[in-house]
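These notes concern the structure reproduced below.
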Amino acid sequence: MFLEKYKEPIKVALKPLGDGYEAFRMDGGRKKPDMRVPLGLGSCHCCDYFLPHDDAIVLIEETQLISTIKDIKKDYPYLKGKDKEKFINTSIRQENLLKVYGAPGRDED
């Protein structure tokens, strides 16, 4: 099957989740096969894995949350208190929404 080359163990915090936990990697990163190009998805932002389950597809995003928060704090050092907290939460939420809904450009009428 075409997708088999994208199947791999699911990783959480860069470590395999355990035996038998496999899914299809969507964005290959720097060294892995990337299914976006051969499937015609372009350079969309997408989740890390997908897994067929009955009549549905489960999307899996493995976010390195602590690292993401540190990066945001570093990029926006002038934010303080509640403003910083709100900005971090909003940024992470938006990034993950973009990955879930990421798709090639839509036709606009």
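Numbering starts fresh at 1 for the residues of each chain in the structure tokens, the chains themselves are lettered A, B, ... in the order given, and ligands are numbered from 1 as they appear.
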Determine, counting only C-alpha atoms, which protein, DNA and RNA residues have an atom within 12 Å of an atom of segment 8-19 of chain A; residues of the same chain fewer than 2 positions away are not included. Present the result as a ChimeraX atom specification.
/A:3-6,21-26,28,32-33,48-51,59-67
Residues of the last selection are to be written out with N, CA and C atoms, as a PDB file, in the first residue's frame.
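Written output follows (result11.pdb):
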ATOM      1  N   LEU A   3       0.714   4.134   1.450  1.00  0.00           N
ATOM      2  CA  LEU A   3       0.955   4.831   2.710  1.00  0.00           C
ATOM      3  C   LEU A   3       1.887   4.088   3.659  1.00  0.00           C
ATOM      4  N   GLU A   4       2.158   2.823   3.425  1.00  0.00           N
ATOM      5  CA  GLU A   4       2.968   2.036   4.364  1.00  0.00           C
ATOM      6  C   GLU A   4       4.332   2.659   4.640  1.00  0.00           C
ATOM      7  N   LYS A   5       4.924   3.324   3.648  1.00  0.00           N
ATOM      8  CA  LYS A   5       6.253   3.904   3.887  1.00  0.00           C
ATOM      9  C   LYS A   5       6.205   5.075   4.873  1.00  0.00           C
ATOM     10  N   TYR A   6       4.999   5.565   5.184  1.00  0.00           N
ATOM     11  CA  TYR A   6       4.844   6.665   6.132  1.00  0.00           C
ATOM     12  C   TYR A   6       4.463   6.176   7.533  1.00  0.00           C
ATOM     13  N   TYR A  21       1.839   0.952  18.908  1.00  0.00           N
ATOM     14  CA  TYR A  21       1.248   2.273  18.702  1.00  0.00           C
ATOM     15  C   TYR A  21       1.886   2.905  17.473  1.00  0.00           C
ATOM     16  N   GLU A  22       1.254   2.697  16.343  1.00  0.00           N
ATOM     17  CA  GLU A  22       1.774   3.226  15.087  1.00  0.00           C
ATOM     18  C   GLU A  22       0.716   4.067  14.393  1.00  0.00           C
ATOM     19  N   ALA A  23       1.188   4.994  13.600  1.00  0.00           N
ATOM     20  CA  ALA A  23       0.297   5.835  12.802  1.00  0.00           C
ATOM     21  C   ALA A  23       1.076   6.285  11.574  1.00  0.00           C
ATOM     22  N   PHE A  24       0.393   6.986  10.695  1.00  0.00           N
ATOM     23  CA  PHE A  24       1.028   7.479   9.476  1.00  0.00           C
ATOM     24  C   PHE A  24       1.519   8.900   9.702  1.00  0.00           C
ATOM     25  N   ARG A  25       2.831   9.105   9.528  1.00  0.00           N
ATOM     26  CA  ARG A  25       3.419  10.433   9.690  1.00  0.00           C
ATOM     27  C   ARG A  25       3.054  11.275   8.479  1.00  0.00           C
ATOM     28  N   MET A  26       2.515  12.477   8.759  1.00  0.00           N
ATOM     29  CA  MET A  26       2.091  13.358   7.672  1.00  0.00           C
ATOM     30  C   MET A  26       3.215  14.264   7.201  1.00  0.00           C
ATOM     31  N   GLY A  28       7.028  14.951   7.152  1.00  0.00           N
ATOM     32  CA  GLY A  28       8.214  14.153   7.374  1.00  0.00           C
ATOM     33  C   GLY A  28       9.330  14.828   8.123  1.00  0.00           C
ATOM     34  N   LYS A  32      12.682  12.505   7.093  1.00  0.00           N
ATOM     35  CA  LYS A  32      11.725  11.432   6.862  1.00  0.00           C
ATOM     36  C   LYS A  32      10.913  11.706   5.603  1.00  0.00           C
ATOM     37  N   PRO A  33      10.335  10.652   5.032  1.00  0.00           N
ATOM     38  CA  PRO A  33       9.454  10.884   3.886  1.00  0.00           C
ATOM     39  C   PRO A  33       8.303  11.817   4.269  1.00  0.00           C
ATOM     40  N   ASP A  48       1.057  15.871  13.065  1.00  0.00           N
ATOM     41  CA  ASP A  48       2.180  14.950  12.913  1.00  0.00           C
ATOM     42  C   ASP A  48       1.755  13.601  12.346  1.00  0.00           C
ATOM     43  N   TYR A  49       0.641  13.082  12.835  1.00  0.00           N
ATOM     44  CA  TYR A  49       0.213  11.746  12.431  1.00  0.00           C
ATOM     45  C   TYR A  49      -1.283  11.719  12.140  1.00  0.00           C
ATOM     46  N   PHE A  50      -1.694  10.693  11.377  1.00  0.00           N
ATOM     47  CA  PHE A  50      -3.119  10.372  11.301  1.00  0.00           C
ATOM     48  C   PHE A  50      -3.254   8.870  11.416  1.00  0.00           C
ATOM     49  N   LEU A  51      -4.415   8.458  11.898  1.00  0.00           N
ATOM     50  CA  LEU A  51      -4.674   7.062  12.142  1.00  0.00           C
ATOM     51  C   LEU A  51      -6.121   6.761  11.763  1.00  0.00           C
ATOM     52  N   LEU A  59      -6.515  12.555  14.139  1.00  0.00           N
ATOM     53  CA  LEU A  59      -5.343  13.389  13.909  1.00  0.00           C
ATOM     54  C   LEU A  59      -4.566  13.509  15.216  1.00  0.00           C
ATOM     55  N   ILE A  60      -3.250  13.350  15.143  1.00  0.00           N
ATOM     56  CA  ILE A  60      -2.403  13.401  16.333  1.00  0.00           C
ATOM     57  C   ILE A  60      -1.347  14.478  16.130  1.00  0.00           C
ATOM     58  N   GLU A  61      -1.301  15.418  17.043  1.00  0.00           N
ATOM     59  CA  GLU A  61      -0.281  16.462  17.039  1.00  0.00           C
ATOM     60  C   GLU A  61       0.551  16.312  18.301  1.00  0.00           C
ATOM     61  N   GLU A  62       1.828  16.040  18.137  1.00  0.00           N
ATOM     62  CA  GLU A  62       2.726  15.898  19.275  1.00  0.00           C
ATOM     63  C   GLU A  62       3.451  17.236  19.435  1.00  0.00           C
ATOM     64  N   THR A  63       2.925  18.060  20.305  1.00  0.00           N
ATOM     65  CA  THR A  63       3.484  19.389  20.526  1.00  0.00           C
ATOM     66  C   THR A  63       4.457  19.338  21.689  1.00  0.00           C
ATOM     67  N   GLN A  64       5.635  19.840  21.473  1.00  0.00           N
ATOM     68  CA  GLN A  64       6.614  19.939  22.549  1.00  0.00           C
ATOM     69  C   GLN A  64       6.337  21.249  23.274  1.00  0.00           C
ATOM     70  N   LEU A  65       5.373  21.180  24.169  1.00  0.00           N
ATOM     71  CA  LEU A  65       4.779  22.354  24.791  1.00  0.00           C
ATOM     72  C   LEU A  65       5.785  23.222  25.546  1.00  0.00           C
ATOM     73  N   ILE A  66       6.623  22.621  26.344  1.00  0.00           N
ATOM     74  CA  ILE A  66       7.582  23.406  27.135  1.00  0.00           C
ATOM     75  C   ILE A  66       8.529  24.171  26.218  1.00  0.00           C
ATOM     76  N   SER A  67       9.007  23.514  25.195  1.00  0.00           N
ATOM     77  CA  SER A  67       9.896  24.163  24.235  1.00  0.00           C
ATOM     78  C   SER A  67       9.181  25.297  23.496  1.00  0.00           C
TER      79      SER A  67
END
Would you give me, as number ranges by chain, the residues in chain A that DSSP reads as alpha helix (DSSP H)?
A: 65-75, 81-101
Would you save the residues from that selection as an mmCIF file, in the first residue's frame, using N, CA and C atoms?
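After the write, part-v1.cif holds the following:
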data_model
loop_
_atom_site.group_PDB
_atom_site.id
_atom_site.type_symbol
_atom_site.label_atom_id
_atom_site.label_comp_id
_atom_site.auth_asym_id
_atom_site.auth_seq_id
_atom_site.Cartn_x
_atom_site.Cartn_y
_atom_site.Cartn_z
ATOM 1 N N LEU A 65 5.373 21.180 24.169
ATOM 2 C CA LEU A 65 4.779 22.354 24.791
ATOM 3 C C LEU A 65 5.785 23.222 25.546
ATOM 4 N N ILE A 66 6.623 22.621 26.344
ATOM 5 C CA ILE A 66 7.582 23.406 27.135
ATOM 6 C C ILE A 66 8.529 24.171 26.218
ATOM 7 N N SER A 67 9.007 23.514 25.195
ATOM 8 C CA SER A 67 9.896 24.163 24.235
ATOM 9 C C SER A 67 9.181 25.297 23.496
ATOM 10 N N THR A 68 7.936 25.065 23.120
ATOM 11 C CA THR A 68 7.147 26.090 22.428
ATOM 12 C C THR A 68 6.957 27.316 23.307
ATOM 13 N N ILE A 69 6.637 27.107 24.570
ATOM 14 C CA ILE A 69 6.443 28.224 25.503
ATOM 15 C C ILE A 69 7.744 29.009 25.667
ATOM 16 N N LYS A 70 8.872 28.317 25.816
ATOM 17 C CA LYS A 70 10.162 28.997 25.943
ATOM 18 C C LYS A 70 10.462 29.839 24.711
ATOM 19 N N ASP A 71 10.180 29.294 23.524
ATOM 20 C CA ASP A 71 10.433 30.035 22.287
ATOM 21 C C ASP A 71 9.581 31.302 22.203
ATOM 22 N N ILE A 72 8.323 31.188 22.573
ATOM 23 C CA ILE A 72 7.433 32.359 22.533
ATOM 24 C C ILE A 72 7.918 33.418 23.519
ATOM 25 N N LYS A 73 8.287 33.003 24.722
ATOM 26 C CA LYS A 73 8.784 33.956 25.724
ATOM 27 C C LYS A 73 10.043 34.658 25.227
ATOM 28 N N LYS A 74 10.902 33.909 24.549
ATOM 29 C CA LYS A 74 12.143 34.474 24.022
ATOM 30 C C LYS A 74 11.853 35.487 22.904
ATOM 31 N N ASP A 75 10.874 35.167 22.055
ATOM 32 C CA ASP A 75 10.545 36.034 20.925
ATOM 33 C C ASP A 75 9.776 37.291 21.334
ATOM 34 N N GLY A 81 3.175 39.411 32.715
ATOM 35 C CA GLY A 81 1.996 38.997 33.468
ATOM 36 C C GLY A 81 0.905 38.335 32.648
ATOM 37 N N LYS A 82 -0.317 38.823 32.845
ATOM 38 C CA LYS A 82 -1.504 38.255 32.180
ATOM 39 C C LYS A 82 -1.426 38.391 30.659
ATOM 40 N N ASP A 83 -0.818 39.487 30.181
ATOM 41 C CA ASP A 83 -0.673 39.667 28.730
ATOM 42 C C ASP A 83 0.180 38.545 28.134
ATOM 43 N N LYS A 84 1.275 38.202 28.813
ATOM 44 C CA LYS A 84 2.159 37.132 28.330
ATOM 45 C C LYS A 84 1.422 35.805 28.337
ATOM 46 N N GLU A 85 0.740 35.514 29.436
ATOM 47 C CA GLU A 85 0.005 34.250 29.563
ATOM 48 C C GLU A 85 -1.064 34.120 28.477
ATOM 49 N N LYS A 86 -1.819 35.197 28.252
ATOM 50 C CA LYS A 86 -2.871 35.170 27.234
ATOM 51 C C LYS A 86 -2.274 34.993 25.841
ATOM 52 N N PHE A 87 -1.173 35.683 25.559
ATOM 53 C CA PHE A 87 -0.536 35.582 24.246
ATOM 54 C C PHE A 87 -0.011 34.172 24.002
ATOM 55 N N ILE A 88 0.622 33.576 24.999
ATOM 56 C CA ILE A 88 1.147 32.212 24.857
ATOM 57 C C ILE A 88 0.009 31.234 24.589
ATOM 58 N N ASN A 89 -1.052 31.306 25.377
ATOM 59 C CA ASN A 89 -2.192 30.402 25.186
ATOM 60 C C ASN A 89 -2.826 30.566 23.814
ATOM 61 N N THR A 90 -3.005 31.812 23.385
ATOM 62 C CA THR A 90 -3.608 32.082 22.074
ATOM 63 C C THR A 90 -2.704 31.574 20.955
ATOM 64 N N SER A 91 -1.400 31.807 21.063
ATOM 65 C CA SER A 91 -0.454 31.375 20.030
ATOM 66 C C SER A 91 -0.454 29.862 19.864
ATOM 67 N N ILE A 92 -0.429 29.146 20.973
ATOM 68 C CA ILE A 92 -0.411 27.682 20.915
ATOM 69 C C ILE A 92 -1.722 27.160 20.337
ATOM 70 N N ARG A 93 -2.830 27.727 20.767
ATOM 71 C CA ARG A 93 -4.140 27.311 20.247
ATOM 72 C C ARG A 93 -4.219 27.550 18.735
ATOM 73 N N GLN A 94 -3.777 28.719 18.278
ATOM 74 C CA GLN A 94 -3.833 29.041 16.852
ATOM 75 C C GLN A 94 -2.931 28.123 16.027
ATOM 76 N N GLU A 95 -1.746 27.838 16.543
ATOM 77 C CA GLU A 95 -0.828 26.948 15.833
ATOM 78 C C GLU A 95 -1.437 25.569 15.646
ATOM 79 N N ASN A 96 -2.056 25.047 16.701
ATOM 80 C CA ASN A 96 -2.654 23.722 16.611
ATOM 81 C C ASN A 96 -3.900 23.706 15.735
ATOM 82 N N LEU A 97 -4.694 24.762 15.786
ATOM 83 C CA LEU A 97 -5.851 24.846 14.882
ATOM 84 C C LEU A 97 -5.400 24.875 13.434
ATOM 85 N N LEU A 98 -4.354 25.614 13.153
ATOM 86 C CA LEU A 98 -3.822 25.693 11.796
ATOM 87 C C LEU A 98 -3.401 24.314 11.309
ATOM 88 N N LYS A 99 -2.795 23.532 12.168
ATOM 89 C CA LYS A 99 -2.352 22.198 11.783
ATOM 90 C C LYS A 99 -3.523 21.261 11.535
ATOM 91 N N VAL A 100 -4.548 21.368 12.370
ATOM 92 C CA VAL A 100 -5.712 20.499 12.188
ATOM 93 C C VAL A 100 -6.473 20.857 10.913
ATOM 94 N N TYR A 101 -6.642 22.134 10.676
ATOM 95 C CA TYR A 101 -7.410 22.563 9.516
ATOM 96 C C TYR A 101 -6.561 22.829 8.287
#
Would you return as JSON, numbers by chain the members of segment 26-100 of chain A that DSSP assigns to strand (DSSP E) on this structure's backbone?
{"A": [49, 50, 51, 52, 53, 56, 57, 58, 59, 60]}
For Asp27 of chain A, find every residue with an atom within 7 Å (counting only C-alpha atoms), except residues of its own chain fewer than 6 positions away, and show them as a list in words.
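Here the answer would be Asp34, Met35, Arg36, Cys46 and Asp48 of chain A.
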Please compute the atom CA of Phe2 of chain A-atom CA of His53 of chain A distance, one decimal, in Å.
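If I compute the distance from atom CA of Phe2 of chain A to atom CA of His53 of chain A, I get 18.1 Å.
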